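Enquirer: Sharing my_file-v1.tsv, TSV, C-alpha atoms:
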```tsv
chain	number	residue	atom	x	y	z
A	1221	MET	CA	103.31	74.28	194.62
A	1222	ARG	CA	106.76	75.89	194.54
A	1223	ASP	CA	107.21	78.92	192.25
A	1224	THR	CA	108.93	78.13	188.95
A	1225	GLU	CA	111.19	81.15	189.42
A	1226	ASN	CA	111.09	80.95	193.25
A	1227	SER	CA	110.28	84.43	194.51
A	1228	GLU	CA	111.93	83.68	197.87
A	1229	LEU	CA	115.25	82.93	196.18
A	1230	ARG	CA	115.10	86.16	194.18
A	1231	ALA	CA	114.23	88.12	197.30
A	1232	ALA	CA	117.05	86.51	199.28
A	1233	TRP	CA	119.70	87.42	196.72
A	1234	ALA	CA	118.15	90.87	196.29
A	1235	GLN	CA	119.00	91.58	199.93
A	1236	VAL	CA	122.66	91.55	198.90
A	1237	PRO	CA	123.27	94.51	196.53
A	1238	ASP	CA	126.58	93.15	195.22
A	1239	VAL	CA	124.92	89.89	194.21
A	1240	ALA	CA	122.06	91.67	192.49
A	1241	LYS	CA	124.54	93.85	190.58
A	1242	THR	CA	126.73	90.97	189.39
A	1243	GLU	CA	123.66	88.92	188.46
A	1244	GLU	CA	122.39	91.83	186.36
A	1245	ARG	CA	125.74	92.35	184.64
A	1246	TYR	CA	126.16	88.66	183.92
A	1247	ALA	CA	122.65	88.36	182.46
A	1248	ALA	CA	123.33	91.41	180.27
A	1249	ILE	CA	126.59	90.06	178.83
A	1250	VAL	CA	124.99	86.68	178.13
A	1251	GLU	CA	122.24	88.42	176.18
A	1252	LEU	CA	124.77	90.55	174.24
A	1253	LYS	CA	126.72	87.46	173.26
A	1254	ARG	CA	123.57	85.61	172.25
A	1255	ALA	CA	122.41	88.50	170.05
A	1256	PHE	CA	125.81	89.11	168.44
A	1257	LYS	CA	126.03	87.91	164.85
A	1258	ARG	CA	129.38	86.22	164.60
A	1259	SER	CA	131.27	86.87	161.36
A	1260	ALA	CA	133.23	84.38	159.29
A	1261	ASP	CA	136.76	83.38	160.24
A	1262	PRO	CA	139.13	86.15	158.98
A	1263	GLU	CA	141.32	83.77	157.03
A	1264	ARG	CA	138.30	82.16	155.44
A	1265	ALA	CA	136.86	85.58	154.47
A	1266	ARG	CA	140.12	86.56	152.72
A	1267	ARG	CA	140.37	83.20	150.98
A	1268	GLU	CA	136.84	83.54	149.60
A	1269	VAL	CA	137.76	86.88	147.95
A	1270	ILE	CA	140.90	85.36	146.47
A	1271	ASP	CA	139.10	82.25	145.25
A	1272	GLU	CA	136.47	84.43	143.56
A	1273	ALA	CA	139.20	86.47	141.81
A	1274	ILE	CA	140.90	83.33	140.53
A	1275	SER	CA	137.63	81.93	139.18
A	1276	SER	CA	136.93	85.25	137.45
A	1277	PHE	CA	140.42	85.32	135.91
A	1278	ARG	CA	139.95	81.84	134.48
A	1279	GLU	CA	136.83	83.05	132.69
A	1280	SER	CA	137.90	86.56	131.62
A	1281	GLY	CA	141.65	86.48	131.68
A	1282	GLU	CA	141.70	89.76	133.59
A	1283	TRP	CA	143.26	90.01	137.03
A	1284	PRO	CA	141.43	92.45	139.38
A	1285	ALA	CA	143.63	95.45	140.15
A	1286	ASP	CA	142.12	95.96	143.61
A	1287	LEU	CA	142.28	92.32	144.73
A	1288	GLY	CA	144.76	92.96	147.51
A	1289	LYS	CA	142.68	95.81	148.88
A	1290	ARG	CA	139.45	93.80	148.75
A	1291	ALA	CA	141.03	90.70	150.32
A	1292	ALA	CA	142.55	92.77	153.11
A	1293	LYS	CA	139.24	94.54	153.73
A	1294	ALA	CA	137.37	91.23	154.01
A	1295	TYR	CA	140.00	89.95	156.42
A	1296	LEU	CA	139.90	93.05	158.62
A	1297	GLU	CA	136.10	93.18	158.73
A	1298	ALA	CA	135.95	89.54	159.77
A	1299	LEU	CA	138.78	90.10	162.26
A	1300	GLU	CA	136.86	92.98	163.83
A	1301	GLY	CA	133.78	90.80	164.36
A	1302	GLU	CA	135.85	87.87	165.63
A	1303	SER	CA	137.66	90.15	168.09
A	1304	GLU	CA	134.39	91.47	169.51
A	1305	TYR	CA	132.99	87.93	169.85
A	1306	ARG	CA	136.10	86.81	171.74
A	1307	ALA	CA	135.80	89.86	173.98
A	1308	LEU	CA	132.17	88.99	174.76
A	1309	SER	CA	133.15	85.39	175.53
A	1310	GLN	CA	135.90	86.46	177.89
A	1311	ALA	CA	133.60	88.96	179.59
A	1312	GLU	CA	130.95	86.27	180.09
A	1313	GLU	CA	133.50	83.91	181.65
A	1314	ARG	CA	134.94	86.54	183.98
A	1315	LEU	CA	131.52	87.78	185.10
A	1316	ARG	CA	130.41	84.22	185.77
A	1317	TYR	CA	133.39	83.71	188.07
A	1318	GLU	CA	132.75	87.08	189.71
A	1319	LYS	CA	129.09	86.17	190.26
A	1320	GLU	CA	130.11	82.89	191.91
A	1321	ASP	CA	132.70	84.61	194.11
A	1322	VAL	CA	130.24	87.25	195.27
A	1323	ARG	CA	127.66	84.58	196.04
A	1324	ASP	CA	130.22	82.66	198.09
A	1325	THR	CA	130.99	85.83	200.05
A	1326	CYS	CA	127.40	86.97	200.56
A	1327	ALA	CA	125.52	83.66	200.84
A	1328	ASP	CA	125.27	83.95	204.62
A	1329	ASP	CA	123.34	87.22	204.28
A	1330	ALA	CA	120.89	85.57	201.90
A	1331	LEU	CA	120.45	82.63	204.27
A	1332	ALA	CA	119.88	85.03	207.16
A	1333	TYR	CA	117.08	86.67	205.17
A	1334	LEU	CA	115.48	83.25	204.58
A	1335	GLY	CA	115.77	82.51	208.29
A	1336	GLY	CA	113.78	85.65	209.04
A	1337	ARG	CA	111.19	84.75	206.43
A	1338	LEU	CA	110.80	81.28	207.94
A	1339	SER	CA	110.27	82.77	211.40
A	1340	ASP	CA	107.50	84.99	210.03
A	1341	VAL	CA	105.84	82.08	208.23
A	1342	LEU	CA	105.96	79.80	211.26
A	1343	SER	CA	104.63	82.52	213.56
A	1344	GLU	CA	101.65	83.08	211.26
A	1345	ALA	CA	101.17	79.32	210.87
A	1346	LYS	CA	101.09	78.82	214.64
A	1347	THR	CA	98.32	81.38	215.01
A	1348	ALA	CA	96.34	79.95	212.11
A	1349	GLY	CA	96.86	76.39	213.34
A	1350	ALA	CA	95.29	77.25	216.70
A	1351	ALA	CA	92.17	78.42	214.85
A	1352	LEU	CA	91.67	75.12	213.01
A	1353	ASP	CA	89.79	73.71	216.00
A	1354	GLY	CA	90.39	70.08	215.06
A	1355	VAL	CA	90.01	70.48	211.28
A	1356	ARG	CA	92.30	68.01	209.49
A	1357	ASN	CA	91.67	68.53	205.77
A	1358	ALA	CA	90.08	70.85	203.21
A	1359	ASP	CA	86.69	69.10	203.27
A	1360	GLU	CA	86.42	69.43	207.04
A	1361	ALA	CA	87.49	73.09	206.76
A	1362	ILE	CA	84.73	73.77	204.23
A	1363	GLN	CA	82.17	72.07	206.46
A	1364	ALA	CA	83.35	73.95	209.53
A	1365	GLY	CA	83.45	77.32	207.73
A	1366	GLY	CA	84.17	80.54	209.62
A	1367	ASP	CA	87.52	80.93	211.32
A	1368	ALA	CA	88.53	77.33	210.60
A	1369	LEU	CA	88.08	77.80	206.85
A	1370	ASP	CA	89.99	81.09	206.89
A	1371	ALA	CA	92.78	79.43	208.87
A	1372	TRP	CA	92.97	76.55	206.40
A	1373	ARG	CA	93.25	78.94	203.46
A	1374	THR	CA	95.98	80.87	205.25
A	1375	LEU	CA	97.91	77.70	206.00
A	1376	THR	CA	97.62	76.48	202.42
A	1377	GLY	CA	99.28	79.67	201.22
A	1378	LEU	CA	101.95	79.36	203.90
A	1379	VAL	CA	102.77	75.81	202.74
A	1380	THR	CA	103.72	77.30	199.36
A	1381	ALA	CA	105.86	79.90	201.12
A	1382	LEU	CA	107.58	77.12	203.09
A	1383	GLU	CA	108.28	75.20	199.87
A	1384	ASN	CA	109.88	78.28	198.31
A	1385	ILE	CA	111.95	79.08	201.39
A	1386	ARG	CA	113.31	75.53	201.56
A	1387	GLY	CA	113.93	75.48	197.82
A	1388	ALA	CA	115.87	78.74	198.08
A	1389	GLN	CA	117.77	77.41	201.09
A	1390	TRP	CA	119.03	74.38	199.21
A	1391	ASP	CA	119.79	76.38	196.06
A	1392	ILE	CA	121.99	78.78	198.03
A	1393	LEU	CA	123.77	75.99	199.90
A	1394	ARG	CA	124.48	74.20	196.62
A	1395	ALA	CA	125.70	77.44	195.03
A	1396	VAL	CA	128.50	77.80	197.60
A	1397	ALA	CA	129.43	74.11	197.86
A	1398	ASP	CA	132.10	72.25	195.94
A	1399	GLU	CA	131.34	69.03	194.07
A	1400	ASP	CA	132.03	66.71	197.02
A	1401	THR	CA	129.94	68.81	199.40
A	1402	ARG	CA	127.06	68.92	196.92
A	1403	ALA	CA	126.92	65.14	197.09
A	1404	LYS	CA	126.73	65.38	200.89
A	1405	LEU	CA	123.97	67.97	200.64
A	1406	ARG	CA	121.89	65.60	198.51
A	1407	LEU	CA	122.34	62.88	201.12
A	1408	TRP	CA	121.56	65.13	204.09
A	1409	LYS	CA	118.50	66.51	202.35
A	1410	SER	CA	117.17	63.00	201.69
A	1411	GLN	CA	117.74	62.11	205.35
A	1412	GLY	CA	115.65	65.05	206.57
A	1413	HIS	CA	118.37	67.43	207.75
A	1414	GLY	CA	118.02	71.18	207.30
A	1415	GLU	CA	114.49	71.44	208.72
A	1416	VAL	CA	114.92	71.61	212.51
A	1417	MET	CA	117.82	72.16	214.87
A	1418	GLY	CA	119.09	69.08	216.69
A	1419	PHE	CA	117.43	66.78	214.15
A	1420	ARG	CA	117.26	63.10	215.10
A	1421	PRO	CA	114.89	60.87	213.11
A	1422	ASP	CA	113.69	58.94	216.17
A	1423	ASP	CA	112.42	62.16	217.74
A	1424	VAL	CA	110.12	63.02	214.80
A	1425	PRO	CA	106.63	61.58	214.12
A	1426	PRO	CA	106.46	59.46	210.94
A	1427	PHE	CA	104.29	61.92	209.00
A	1428	ALA	CA	106.68	64.78	209.75
A	1429	LEU	CA	109.76	62.67	208.97
A	1430	GLU	CA	108.29	61.83	205.56
A	1431	ALA	CA	107.78	65.54	204.81
A	1432	MET	CA	111.32	66.36	205.93
A	1433	ARG	CA	112.86	63.68	203.72
A	1434	THR	CA	110.80	64.36	200.59
A	1435	GLN	CA	110.09	68.11	200.95
A	1436	ARG	CA	106.44	67.38	200.18
A	1437	TYR	CA	104.94	69.69	202.75
A	1438	THR	CA	101.39	69.60	204.09
A	1439	VAL	CA	99.29	71.77	206.38
A	1440	ALA	CA	99.71	69.17	209.14
A	1441	TYR	CA	103.49	69.30	208.84
A	1442	LEU	CA	103.54	73.10	208.75
A	1443	VAL	CA	101.49	73.29	211.96
A	1444	PHE	CA	103.77	70.69	213.55
A	1445	LEU	CA	106.87	72.66	212.57
A	1446	ALA	CA	105.36	75.90	213.84
A	1447	ASN	CA	104.60	74.42	217.24
A	1448	ILE	CA	107.82	72.54	218.02
A	1449	GLY	CA	109.79	75.79	217.87
A	1450	THR	CA	113.03	74.37	216.39
A	1451	GLY	CA	112.45	75.03	212.68
A	1452	TYR	CA	115.35	76.96	211.17
A	1453	VAL	CA	117.36	77.88	208.09
A	1454	PRO	CA	121.10	77.11	208.47
A	1455	GLY	CA	123.09	80.32	208.80
A	1456	SER	CA	125.92	79.07	206.58
A	1457	LEU	CA	127.24	75.96	204.90
A	1458	VAL	CA	129.79	75.53	207.69
A	1459	GLU	CA	127.09	75.86	210.35
A	1460	PHE	CA	124.87	73.37	208.56
A	1461	GLU	CA	127.64	70.80	208.29
A	1462	ALA	CA	128.39	71.20	212.00
A	1463	ASP	CA	124.68	70.69	212.83
A	1464	VAL	CA	124.60	67.47	210.82
A	1465	MET	CA	127.76	66.16	212.44
A	1466	ALA	CA	126.39	66.96	215.91
A	1467	ALA	CA	123.13	65.18	215.09
A	1468	ASN	CA	125.10	62.08	214.11
A	1469	GLU	CA	127.07	62.02	217.36
A	1470	PRO	CA	126.17	59.28	219.88
A	1471	LEU	CA	123.95	60.34	222.76
A	1472	ALA	CA	126.14	58.70	225.39
A	1473	TYR	CA	128.80	56.07	225.98
A	1474	ASP	CA	128.83	52.95	228.11
A	1475	ASP	CA	131.23	50.05	228.64
A	1476	ASN	CA	130.39	48.70	225.18
A	1477	GLY	CA	131.04	51.97	223.34
A	1478	PRO	CA	128.75	54.65	221.89
A	1479	VAL	CA	125.02	54.57	222.61
A	1480	TRP	CA	123.05	56.00	219.68
A	1481	HIS	CA	119.59	55.63	221.20
A	1482	LEU	CA	118.81	55.80	224.90
A	1483	PRO	CA	116.21	53.10	225.63
A	1484	VAL	CA	113.27	53.87	227.87
A	1485	ILE	CA	113.36	51.33	230.71
A	1486	GLU	CA	110.31	51.03	232.95
A	1487	VAL	CA	111.05	49.74	236.43
A	1488	PRO	CA	107.84	48.63	238.20
A	1489	ILE	CA	107.45	49.78	241.79
A	1490	PRO	CA	106.31	46.82	243.93
A	1491	ASP	CA	103.44	47.19	246.36
A	1492	ALA	CA	104.48	47.81	249.95
A	1493	PRO	CA	104.32	44.60	252.07
A	1494	GLU	CA	101.84	44.41	254.92
A	1495	ALA	CA	103.25	45.13	258.35
A	1496	LYS	CA	104.11	42.07	260.39
A	1497	THR	CA	102.57	41.67	263.89
A	1498	TYR	CA	104.26	39.60	266.60
A	1499	VAL	CA	102.72	38.04	269.75
A	1500	HIS	CA	104.93	40.03	272.09
A	1501	SER	CA	104.08	43.28	270.29
A	1502	ARG	CA	102.19	45.90	272.26
A	1503	PRO	CA	101.28	49.50	271.64
A	1504	ALA	CA	103.64	52.16	272.83
A	1505	HIS	CA	102.81	53.80	276.15
A	1506	LEU	CA	102.19	57.44	275.40
A	1507	ASP	CA	100.14	58.55	278.42
A	1508	TYR	CA	102.73	59.78	280.89
A	1509	SER	CA	100.06	60.76	283.47
A	1510	ALA	CA	99.29	57.14	284.27
A	1511	PRO	CA	101.67	54.65	285.86
A	1512	ALA	CA	103.88	52.99	283.33
A	1513	PRO	CA	103.70	49.19	283.13
A	1514	LYS	CA	106.55	47.30	284.61
A	1515	PRO	CA	109.06	46.08	282.12
A	1516	GLY	CA	108.20	42.52	281.15
```
Please express the file's structure as structure tokens.

Expert:
Amino acid sequence: MRDTENSELRAAWAQVPDVAKTEERYAAIVELKRAFKRSADPERARREVIDEAISSFRESGEWPADLGKRAAKAYLEALEGESEYRALSQAEERLRYEKEDVRDTCADDALAYLGGRLSDVLSEAKTAGAALDGVRNADEAIQAGGDALDAWRTLTGLVTALENIRGAQWDILRAVADEDTRAKLRLWKSQGHGEVMGFRPDDVPPFALEAMRTQRYTVAYLVFLANIGTGYVPGSLVEFEADVMAANEPLAYDDNGPVWHLPVIEVPIPDAPEAKTYVHSRPAHLDYSAPAPKPG
């Protein structure tokens, strides 16, 4: 099951110091704003002092000598708090934009880190998959025991790592995409793109295609991905879009236009016919030491 906080995503962004710094600063300003106790509106604070003085005058007939000072003080104190709150709000907005800009600039580095992590996971999965020795599920692994059981446990942990890597991959791609491109990403993800290079649905077994489209990964899919050798993390949003466009290109063209799928045509080879023998046929004369027959 994928981590709630996704350790792979945190690790990917942590590889980019500028991102880690802006994330830290943004989180800090959000917390400061949340904890700040916002004061009353300055005009309202002054009006409350004045209203209180008027009510008191109606009862006592005495006008407070320091009313102006107290009203101004209430206004200034409220203005000070309001000014700080506005400053915190502006800082939060600016740091949010800065965080997004830095992510846009450094996303490729984070994706490159995930690509390296995927290579490590698939390499380990390929080794563990070879040790399964025909085991197909947890029950069979328990019955087999030994190396097969150890391999199954390893692969189960690697499935979780794969889920986190893919989750981080899509989070980063979405973070640098605009609204229109995010809609495309959702479509491409549901179609199974972003798992292997040169992806074409017809080239993938049904069980693997289901995992690619739903991101519900299994040990069987992980071993499949480890062995085909084309699993990857896109290096950038631009690279990913180019990969998808290339995968949607026709394989060839004929007189009728683009050919999306090249059919496999089997042409049977007929049996060779028996040699024909004619009455006038005779074997070739190969013995040159004997007299040759006269031409007939």

Enquirer: Considering all atoms listed in the file, can you say which of A:Lys1241, A:Arg1316, A:Arg1264, A:Arg1436 comes closest to A:Val1379?

Expert: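 Ranking A:Lys1241, A:Arg1316, A:Arg1264, A:Arg1436 by distance to A:Val1379, first place goes to A:Arg1436.
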
Enquirer: May I have the residues within 12 Å of A:Ser1309 as a ChimeraX atom specification, using only C-alpha atoms and disregarding those fewer than 3 positions away in the same chain?

Expert: /A:1246,1249-1254,1256,1258,1302-1306,1312-1316

Enquirer: What's around A:Ala1327 at 9 Å? Count all atoms listed in the file, leave out sequence neighbours fewer than 6 positions away in its own chain, and write the answer as a PDB file with C-alpha atoms, in the frame of the given file.

Expert:
```
ATOM      1  CA  TRP A1233     119.700  87.420 196.720  1.00  0.00           C
ATOM      2  CA  VAL A1236     122.660  91.550 198.900  1.00  0.00           C
ATOM      3  CA  ILE A1392     121.990  78.780 198.030  1.00  0.00           C
ATOM      4  CA  LEU A1393     123.770  75.990 199.900  1.00  0.00           C
ATOM      5  CA  ALA A1395     125.700  77.440 195.030  1.00  0.00           C
ATOM      6  CA  VAL A1396     128.500  77.800 197.600  1.00  0.00           C
ATOM      7  CA  GLY A1455     123.090  80.320 208.800  1.00  0.00           C
ATOM      8  CA  SER A1456     125.920  79.070 206.580  1.00  0.00           C
ATOM      9  CA  LEU A1457     127.240  75.960 204.900  1.00  0.00           C
TER      10      LEU A1457
END
```

Enquirer: Which is closest to A:Thr1450 among A:Val1416, A:Leu1429, A:Ala1311, A:Ala1330, if we use only C-alpha atoms?

Expert: A:Val1416

Enquirer: Go ahead and compute the interatomic distance for atom CA of A:Ala1388 and atom CA of A:Leu1229, in Å to one decimal.

Expert: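 Computing it gives 4.6 Å between the two atoms.
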
Enquirer: Just the number, please: distance in Å from atom CA of A:Ala1446 to atom CA of A:Val1355, one decimal.

Expert: 16.5 Å

Enquirer: So which one's closest to A:Asn1468, A:Glu1430, A:Gly1451, A:Arg1245, A:Gly1418? Using all atoms listed in the file, please.

Expert: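 Among A:Glu1430, A:Gly1451, A:Arg1245, A:Gly1418, it is A:Gly1418 that comes nearest to A:Asn1468.
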
Enquirer: Would you mind reading off the distance between atom CA of A:Thr1374 and atom CA of A:Ser1339, one decimal, in Å?

Expert: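 Going from atom CA of A:Thr1374 over to atom CA of A:Ser1339 covers 15.7 Å.
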
Enquirer: Residues within 9 Å of A:Pro1262, please, as a PDB file with C-alpha atoms, in the frame of the given file. Count all atoms listed in the file; anything in the same chain fewer than 5 positions from it doesn't count.

Expert:
```pdb
ATOM      1  CA  ARG A1267     140.370  83.200 150.980  1.00  0.00           C
ATOM      2  CA  ALA A1294     137.370  91.230 154.010  1.00  0.00           C
ATOM      3  CA  TYR A1295     140.000  89.950 156.420  1.00  0.00           C
ATOM      4  CA  LEU A1296     139.900  93.050 158.620  1.00  0.00           C
ATOM      5  CA  GLU A1297     136.100  93.180 158.730  1.00  0.00           C
ATOM      6  CA  ALA A1298     135.950  89.540 159.770  1.00  0.00           C
ATOM      7  CA  LEU A1299     138.780  90.100 162.260  1.00  0.00           C
ATOM      8  CA  GLU A1300     136.860  92.980 163.830  1.00  0.00           C
ATOM      9  CA  GLY A1301     133.780  90.800 164.360  1.00  0.00           C
ATOM     10  CA  GLU A1302     135.850  87.870 165.630  1.00  0.00           C
TER      11      GLU A1302
END
```

Enquirer: Which is closer to A:Gly1288 than all the others in A:Asn1384, A:Leu1378, A:Arg1266, A:Ala1307, using all atoms listed in the file?

Expert: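 The closest residue to A:Gly1288 is A:Arg1266.
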
Enquirer: Determine the nearest neighbour of A:Glu1461 from the options A:Ser1227, A:Asn1447, A:Asn1357, A:Thr1401, counting all atoms listed in the file.

Expert: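 Using all atoms listed in the file, A:Glu1461 sits closest to A:Thr1401.
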
Enquirer: Find the spatial neighbours of stretch 1331-1335 of chain A, counting all atoms listed in the file, within a cut-off of 7 Å - ignore same-chain residues fewer than 6 positions away - and output them as an MDAnalysis selection string.

Expert: chainID A and resid 1232 1385 1389 1452:1456

Enquirer: Padding 6 Å on every side, please: axis-aligned box over the listed atoms of stretch 1423-1427 of chain A, centre and edge lengths to one decimal in Å, as AutoDock Vina command-line options.

Expert:
```
--center_x 108.4 --center_y 61.2 --center_z 213.4 --size_x 20.1 --size_y 15.6 --size_z 20.7
```

Enquirer: Calculated over all atoms listed in the file, which of the candidates A:Gln1363, A:Arg1394, A:Ala1431, A:Glu1263 has the smallest distance to A:Leu1445?

Expert: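 Of A:Gln1363, A:Arg1394, A:Ala1431, A:Glu1263, the one nearest A:Leu1445, counting all atoms listed in the file, is A:Ala1431.
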
Enquirer: Do a neighbour search on stretch 1419-1423 of chain A at 9 Å with all atoms listed in the file, toss out local chain neighbours closer than 4 positions, and write the hits as a list of chain:residue names.

Expert: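 My reading of the contact set: A:Gln1411, A:Gly1412, A:His1413, A:Gly1414, A:Glu1415, A:Leu1429, A:Asp1463, A:Val1464, A:Ala1467, A:Asn1468, A:His1481.
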